[in-house]
Amino acid sequence: MAASMNKSKTALRMPSLRKYSCIERQRMRRIGVRFFNEDPFSGLLYLQTNSIMKQDAETVASWLLNQEGLSRSAIGDFLGSPSSFTLEVLEHYVSMQKLYEHPFVQAMRRFMSNFRIPGEAQKIERILEVFARHFTTRYPTDEDGSGVDECGEPRTTVQPSSTDTAHILSYSIIMLNTDLHNTNVKHHMSREEFVRNNRGIDHGKDLPADLLDAIYSEVASEQFKAKEDPLDELVELEKKIRHLDLDKRLVAPQRRLIMKIPACLVTDWRKGQQTREHA
């Protein structure tokens, strides 16, 4: 863990021995989310240094999947980072979702709904490689690529027969999704072009035509995209607040929104108790 933090130009310090109150810990979690959205490694360092989060990959992976308020873009950038610790987190992140329980394209769609694809090709490669390995390892197939369920019964949907094939096909699907749903692209990839681009990717053999045809239809009918990014909502809300006629102290430049939460979870410092109203 320390090595990976050093690579990200941050130094791992010993966790704080101070015992924080419940209110302090809640506030520090929200601050950690904000730091993560700006710089993932800094956010994790803050949470771990203050003993808010354990320093292990499985805990971080669970936090990425379940913590509210995290930027989808920040998650994608972090998962695509080359450090050994990040790769370990990615392994747990994929494994926890049990994507092998779904057909290949549906598994990809579910996987990619939790983060935004990074812009760097190398980051995309790292993420898809781990996804492909987990899917094909846990989704057993026979020689013709037809999956078998947990009882050993054959599945009806044809799937990639190996990790390499799944890796290449998943990257091809990402490219197809970008091409078909990018409004700046004038001439979109045709069904025939998609099939032609994927010739010989199964260890020199062609994938079944009905598999590629089904993939094209599914991607064309519904775009692969991440869930709504909480950070986008905060940015828009912050813009609206700064245009309101409020006390200048509330809209000072140094004040930043961290997370949008129900008002009932905020402690009223004047009464020493939580409010009952909701935002």
# chains A, B, ... in the order shown; residues from 1 in each chain; ligands from 1
>>> select_by_dssp(residues="range 146-230 of chain A", states="alpha helix (DSSP H)", output="ChimeraX atom specification")
/A:163-181,191-197,209-221,230
>>> residues_around(residues="Arg110 in chain A", least_positions_apart="4", cutoff="10 Å", atoms="only C-alpha atoms", output="ChimeraX atom specification")
/A:97,99,102,105-106,114,224-227
>>> write_last_selection(atoms="N, CA, C and O atoms", output="mmCIF file, in the first residue's frame")
data_model
loop_
_atom_site.group_PDB
_atom_site.id
_atom_site.type_symbol
_atom_site.label_atom_id
_atom_site.label_comp_id
_atom_site.auth_asym_id
_atom_site.auth_seq_id
_atom_site.Cartn_x
_atom_site.Cartn_y
_atom_site.Cartn_z
ATOM 1 N N GLN A 97 -18.854 -8.095 -7.685
ATOM 2 C CA GLN A 97 -20.076 -7.860 -8.451
ATOM 3 C C GLN A 97 -20.660 -9.129 -9.067
ATOM 4 O O GLN A 97 -21.767 -9.108 -9.608
ATOM 5 N N LEU A 99 -20.172 -10.757 -11.812
ATOM 6 C CA LEU A 99 -20.620 -10.484 -13.178
ATOM 7 C C LEU A 99 -20.784 -11.746 -14.002
ATOM 8 O O LEU A 99 -21.486 -11.747 -15.012
ATOM 9 N N HIS A 102 -24.165 -13.237 -15.381
ATOM 10 C CA HIS A 102 -24.923 -12.641 -16.481
ATOM 11 C C HIS A 102 -24.249 -12.928 -17.816
ATOM 12 O O HIS A 102 -23.036 -13.157 -17.861
ATOM 13 N N VAL A 105 -22.531 -9.413 -22.598
ATOM 14 C CA VAL A 105 -22.841 -7.998 -22.838
ATOM 15 C C VAL A 105 -23.546 -7.395 -21.625
ATOM 16 O O VAL A 105 -23.260 -6.260 -21.230
ATOM 17 N N GLN A 106 -24.456 -8.134 -21.014
ATOM 18 C CA GLN A 106 -25.129 -7.633 -19.820
ATOM 19 C C GLN A 106 -24.137 -7.450 -18.669
ATOM 20 O O GLN A 106 -24.248 -6.509 -17.881
ATOM 21 N N ASN A 114 -21.027 1.592 -13.070
ATOM 22 C CA ASN A 114 -20.567 2.136 -11.790
ATOM 23 C C ASN A 114 -19.415 3.126 -11.918
ATOM 24 O O ASN A 114 -18.988 3.691 -10.917
ATOM 25 N N PHE A 224 -24.082 2.142 -23.620
ATOM 26 C CA PHE A 224 -23.366 1.806 -22.391
ATOM 27 C C PHE A 224 -23.004 3.126 -21.714
ATOM 28 O O PHE A 224 -22.273 3.930 -22.275
ATOM 29 N N LYS A 225 -23.474 3.347 -20.524
ATOM 30 C CA LYS A 225 -23.102 4.575 -19.831
ATOM 31 C C LYS A 225 -23.188 4.383 -18.330
ATOM 32 O O LYS A 225 -23.918 3.515 -17.835
ATOM 33 N N ALA A 226 -22.438 5.201 -17.622
ATOM 34 C CA ALA A 226 -22.407 5.116 -16.167
ATOM 35 C C ALA A 226 -23.660 5.736 -15.573
ATOM 36 O O ALA A 226 -24.359 6.519 -16.225
ATOM 37 N N LYS A 227 -23.926 5.364 -14.336
ATOM 38 C CA LYS A 227 -25.033 5.977 -13.617
ATOM 39 C C LYS A 227 -24.756 7.469 -13.447
ATOM 40 O O LYS A 227 -23.645 7.941 -13.642
#
>>> residues_around(residues="range 196-207 of chain A", least_positions_apart="5", cutoff="12 Å", atoms="only C-alpha atoms", output="PyMOL selection string")
chain A and resi 143-146+158-173+175-176+189-191+212-216
>>> write_last_selection(atoms="N, CA, C and O atoms", output="compact mmCIF listing (two decimals), in the first residue's frame")
# COMPACT_ATOMS: atom_id res chain seq x y z
N GLU A 143 -16.19 -26.29 -25.61
CA GLU A 143 -15.31 -25.99 -26.72
C GLU A 143 -15.89 -25.00 -27.72
O GLU A 143 -15.16 -24.26 -28.36
N ASP A 144 -17.20 -24.99 -27.90
CA ASP A 144 -17.76 -24.07 -28.89
C ASP A 144 -18.18 -22.75 -28.27
O ASP A 144 -18.80 -21.91 -28.92
N GLY A 145 -17.82 -22.54 -26.99
CA GLY A 145 -18.09 -21.25 -26.36
C GLY A 145 -19.45 -21.15 -25.71
O GLY A 145 -19.84 -20.09 -25.26
N SER A 146 -20.22 -22.24 -25.67
CA SER A 146 -21.52 -22.21 -25.02
C SER A 146 -21.33 -22.39 -23.53
O SER A 146 -20.76 -23.39 -23.09
N VAL A 158 -24.27 -17.99 -26.45
CA VAL A 158 -22.87 -18.25 -26.74
C VAL A 158 -22.02 -17.15 -26.12
O VAL A 158 -22.35 -15.96 -26.20
N GLN A 159 -20.89 -17.52 -25.51
CA GLN A 159 -20.02 -16.57 -24.83
C GLN A 159 -18.59 -16.72 -25.35
O GLN A 159 -18.24 -17.75 -25.95
N PRO A 160 -17.71 -15.71 -25.11
CA PRO A 160 -16.30 -15.84 -25.47
C PRO A 160 -15.69 -17.06 -24.79
O PRO A 160 -15.97 -17.33 -23.63
N SER A 161 -14.84 -17.76 -25.51
CA SER A 161 -14.32 -19.03 -25.00
C SER A 161 -13.05 -18.90 -24.17
O SER A 161 -12.61 -19.86 -23.56
N SER A 162 -12.41 -17.72 -24.15
CA SER A 162 -11.17 -17.56 -23.40
C SER A 162 -11.02 -16.13 -22.93
O SER A 162 -11.73 -15.22 -23.39
N THR A 163 -10.07 -15.92 -22.02
CA THR A 163 -9.83 -14.58 -21.49
C THR A 163 -9.36 -13.63 -22.59
O THR A 163 -9.82 -12.48 -22.65
N ASP A 164 -8.45 -14.08 -23.44
CA ASP A 164 -7.95 -13.23 -24.53
C ASP A 164 -9.07 -12.81 -25.46
O ASP A 164 -9.16 -11.65 -25.87
N THR A 165 -9.93 -13.76 -25.80
CA THR A 165 -11.05 -13.45 -26.70
C THR A 165 -12.01 -12.45 -26.04
O THR A 165 -12.44 -11.49 -26.67
N ALA A 166 -12.32 -12.69 -24.76
CA ALA A 166 -13.21 -11.78 -24.04
C ALA A 166 -12.61 -10.39 -23.92
O ALA A 166 -13.31 -9.38 -24.01
N HIS A 167 -11.29 -10.32 -23.73
CA HIS A 167 -10.61 -9.02 -23.60
C HIS A 167 -10.71 -8.23 -24.91
O HIS A 167 -11.07 -7.05 -24.92
N ILE A 168 -10.40 -8.89 -26.03
CA ILE A 168 -10.46 -8.21 -27.33
C ILE A 168 -11.88 -7.80 -27.66
O ILE A 168 -12.14 -6.69 -28.13
N LEU A 169 -12.83 -8.70 -27.40
CA LEU A 169 -14.22 -8.42 -27.72
C LEU A 169 -14.76 -7.28 -26.86
O LEU A 169 -15.50 -6.42 -27.36
N SER A 170 -14.41 -7.25 -25.59
CA SER A 170 -14.89 -6.18 -24.71
C SER A 170 -14.38 -4.81 -25.18
O SER A 170 -15.12 -3.83 -25.16
N TYR A 171 -13.12 -4.76 -25.61
CA TYR A 171 -12.58 -3.49 -26.11
C TYR A 171 -13.29 -3.10 -27.40
O TYR A 171 -13.59 -1.92 -27.63
N SER A 172 -13.59 -4.08 -28.24
CA SER A 172 -14.31 -3.82 -29.49
C SER A 172 -15.71 -3.28 -29.21
O SER A 172 -16.21 -2.39 -29.92
N ILE A 173 -16.34 -3.79 -28.15
CA ILE A 173 -17.67 -3.32 -27.79
C ILE A 173 -17.61 -1.87 -27.30
O ILE A 173 -18.50 -1.07 -27.60
N MET A 175 -15.48 0.39 -28.30
CA MET A 175 -15.30 1.20 -29.49
C MET A 175 -16.61 1.33 -30.26
O MET A 175 -16.94 2.40 -30.78
N LEU A 176 -17.36 0.24 -30.35
CA LEU A 176 -18.65 0.27 -31.04
C LEU A 176 -19.61 1.21 -30.32
O LEU A 176 -20.31 2.01 -30.97
N MET A 189 -20.42 3.07 -37.55
CA MET A 189 -20.02 1.73 -37.93
C MET A 189 -21.24 0.87 -38.27
O MET A 189 -22.21 0.84 -37.51
N SER A 190 -21.19 0.19 -39.38
CA SER A 190 -22.29 -0.68 -39.79
C SER A 190 -22.16 -2.05 -39.13
O SER A 190 -21.11 -2.39 -38.58
N ARG A 191 -23.21 -2.81 -39.20
CA ARG A 191 -23.20 -4.16 -38.64
C ARG A 191 -22.13 -5.01 -39.32
O ARG A 191 -21.40 -5.77 -38.67
N LEU A 212 -22.08 -11.96 -32.70
CA LEU A 212 -21.69 -10.60 -33.06
C LEU A 212 -22.91 -9.78 -33.49
O LEU A 212 -23.00 -8.58 -33.20
N ASP A 213 -23.83 -10.41 -34.19
CA ASP A 213 -25.04 -9.72 -34.62
C ASP A 213 -25.88 -9.28 -33.42
O ASP A 213 -26.39 -8.16 -33.37
N ALA A 214 -25.98 -10.17 -32.43
CA ALA A 214 -26.74 -9.85 -31.22
C ALA A 214 -26.07 -8.73 -30.43
O ALA A 214 -26.74 -7.85 -29.88
N ILE A 215 -24.74 -8.76 -30.37
CA ILE A 215 -24.00 -7.71 -29.66
C ILE A 215 -24.23 -6.36 -30.32
O ILE A 215 -24.50 -5.36 -29.64
N TYR A 216 -24.15 -6.32 -31.64
CA TYR A 216 -24.34 -5.06 -32.36
C TYR A 216 -25.74 -4.50 -32.07
O TYR A 216 -25.90 -3.30 -31.79
>>> residues_around(residues="Tyr100 in chain A", least_positions_apart="3", cutoff="8 Å", atoms="only C-alpha atoms", output="ChimeraX atom specification")
/A:103-104,107,134-136,138-139
>>> residues_around(residues="Asp39 in chain A", least_positions_apart="4", cutoff="8 Å", atoms="only C-alpha atoms", output="list of chain:residue names")
A:Phe35, A:Gly43, A:Ala74
>>> atom_distance(atom1="CA of Ile124 in chain A", atom2="CA of Met112 in chain A")
11.0 Å
>>> closest_residue(among="A:Tyr93, A:Ser217, A:Leu87, A:Asp77", to="Leu65 in chain A", atoms="only C-alpha atoms")
A:Tyr93
>>> closest_residue(among="A:Leu231, A:Ile52, A:Ile117, A:Ala132", to="Ile174 in chain A", atoms="only C-alpha atoms")
A:Ile117
>>> residues_around(residues="Met28 in chain A", least_positions_apart="6", cutoff="9 Å", atoms="only C-alpha atoms", output="list in words")
Tyr46, Leu47, Asn50 and Ile52 of chain A
>>> write_last_selection(atoms="N, CA, C and O atoms", output="PDB file, in the first residue's frame")
ATOM      1  N   TYR A  46      -6.263  10.337   3.127  1.00  0.00           N
ATOM      2  CA  TYR A  46      -6.909  11.075   4.216  1.00  0.00           C
ATOM      3  C   TYR A  46      -7.740  10.132   5.089  1.00  0.00           C
ATOM      4  O   TYR A  46      -7.652  10.166   6.323  1.00  0.00           O
ATOM      5  N   LEU A  47      -8.545   9.286   4.466  1.00  0.00           N
ATOM      6  CA  LEU A  47      -9.413   8.370   5.211  1.00  0.00           C
ATOM      7  C   LEU A  47      -8.617   7.341   6.001  1.00  0.00           C
ATOM      8  O   LEU A  47      -8.951   7.005   7.135  1.00  0.00           O
ATOM      9  N   ASN A  50      -6.587   8.880   9.015  1.00  0.00           N
ATOM     10  CA  ASN A  50      -7.448   9.219  10.146  1.00  0.00           C
ATOM     11  C   ASN A  50      -8.250   8.025  10.653  1.00  0.00           C
ATOM     12  O   ASN A  50      -9.226   8.202  11.395  1.00  0.00           O
ATOM     13  N   ILE A  52     -10.376   6.120   9.311  1.00  0.00           N
ATOM     14  CA  ILE A  52     -11.763   6.028   8.869  1.00  0.00           C
ATOM     15  C   ILE A  52     -11.943   4.799   7.977  1.00  0.00           C
ATOM     16  O   ILE A  52     -13.026   4.231   7.879  1.00  0.00           O
TER      17      ILE A  52
END
>>> select_by_dssp(residues="range 153-202 of chain A", states="strand (DSSP E or B)", output="number ranges by chain")
A: 154-158, 202
>>> residues_around(residues="Gly76 in chain A", least_positions_apart="3", cutoff="9 Å", atoms="only C-alpha atoms", output="list in words")
Ser71, Arg72, Ser73, Leu79, Gly80, Ser81, Asn114, Phe115, Arg116, Ile117, Pro118, Lys123, Ile124 and Ile127 of chain A
>>> write_last_selection(atoms="C-alpha atoms", output="compact mmCIF listing (two decimals), in the first residue's frame")
# COMPACT_ATOMS: atom_id res chain seq x y z
CA SER A 71 -17.42 10.81 -8.78
CA ARG A 72 -17.87 8.15 -11.49
CA SER A 73 -14.96 9.68 -13.38
CA LEU A 79 -9.27 1.72 -11.21
CA GLY A 80 -7.20 2.23 -14.36
CA SER A 81 -4.08 3.34 -12.49
CA ASN A 114 -20.57 2.14 -11.79
CA PHE A 115 -17.80 4.27 -13.31
CA ARG A 116 -16.96 6.36 -16.34
CA ILE A 117 -14.48 4.91 -18.79
CA PRO A 118 -11.11 6.70 -18.50
CA LYS A 123 -6.32 2.50 -18.34
CA ILE A 124 -9.16 1.00 -20.36
CA ILE A 127 -9.76 -2.53 -16.47
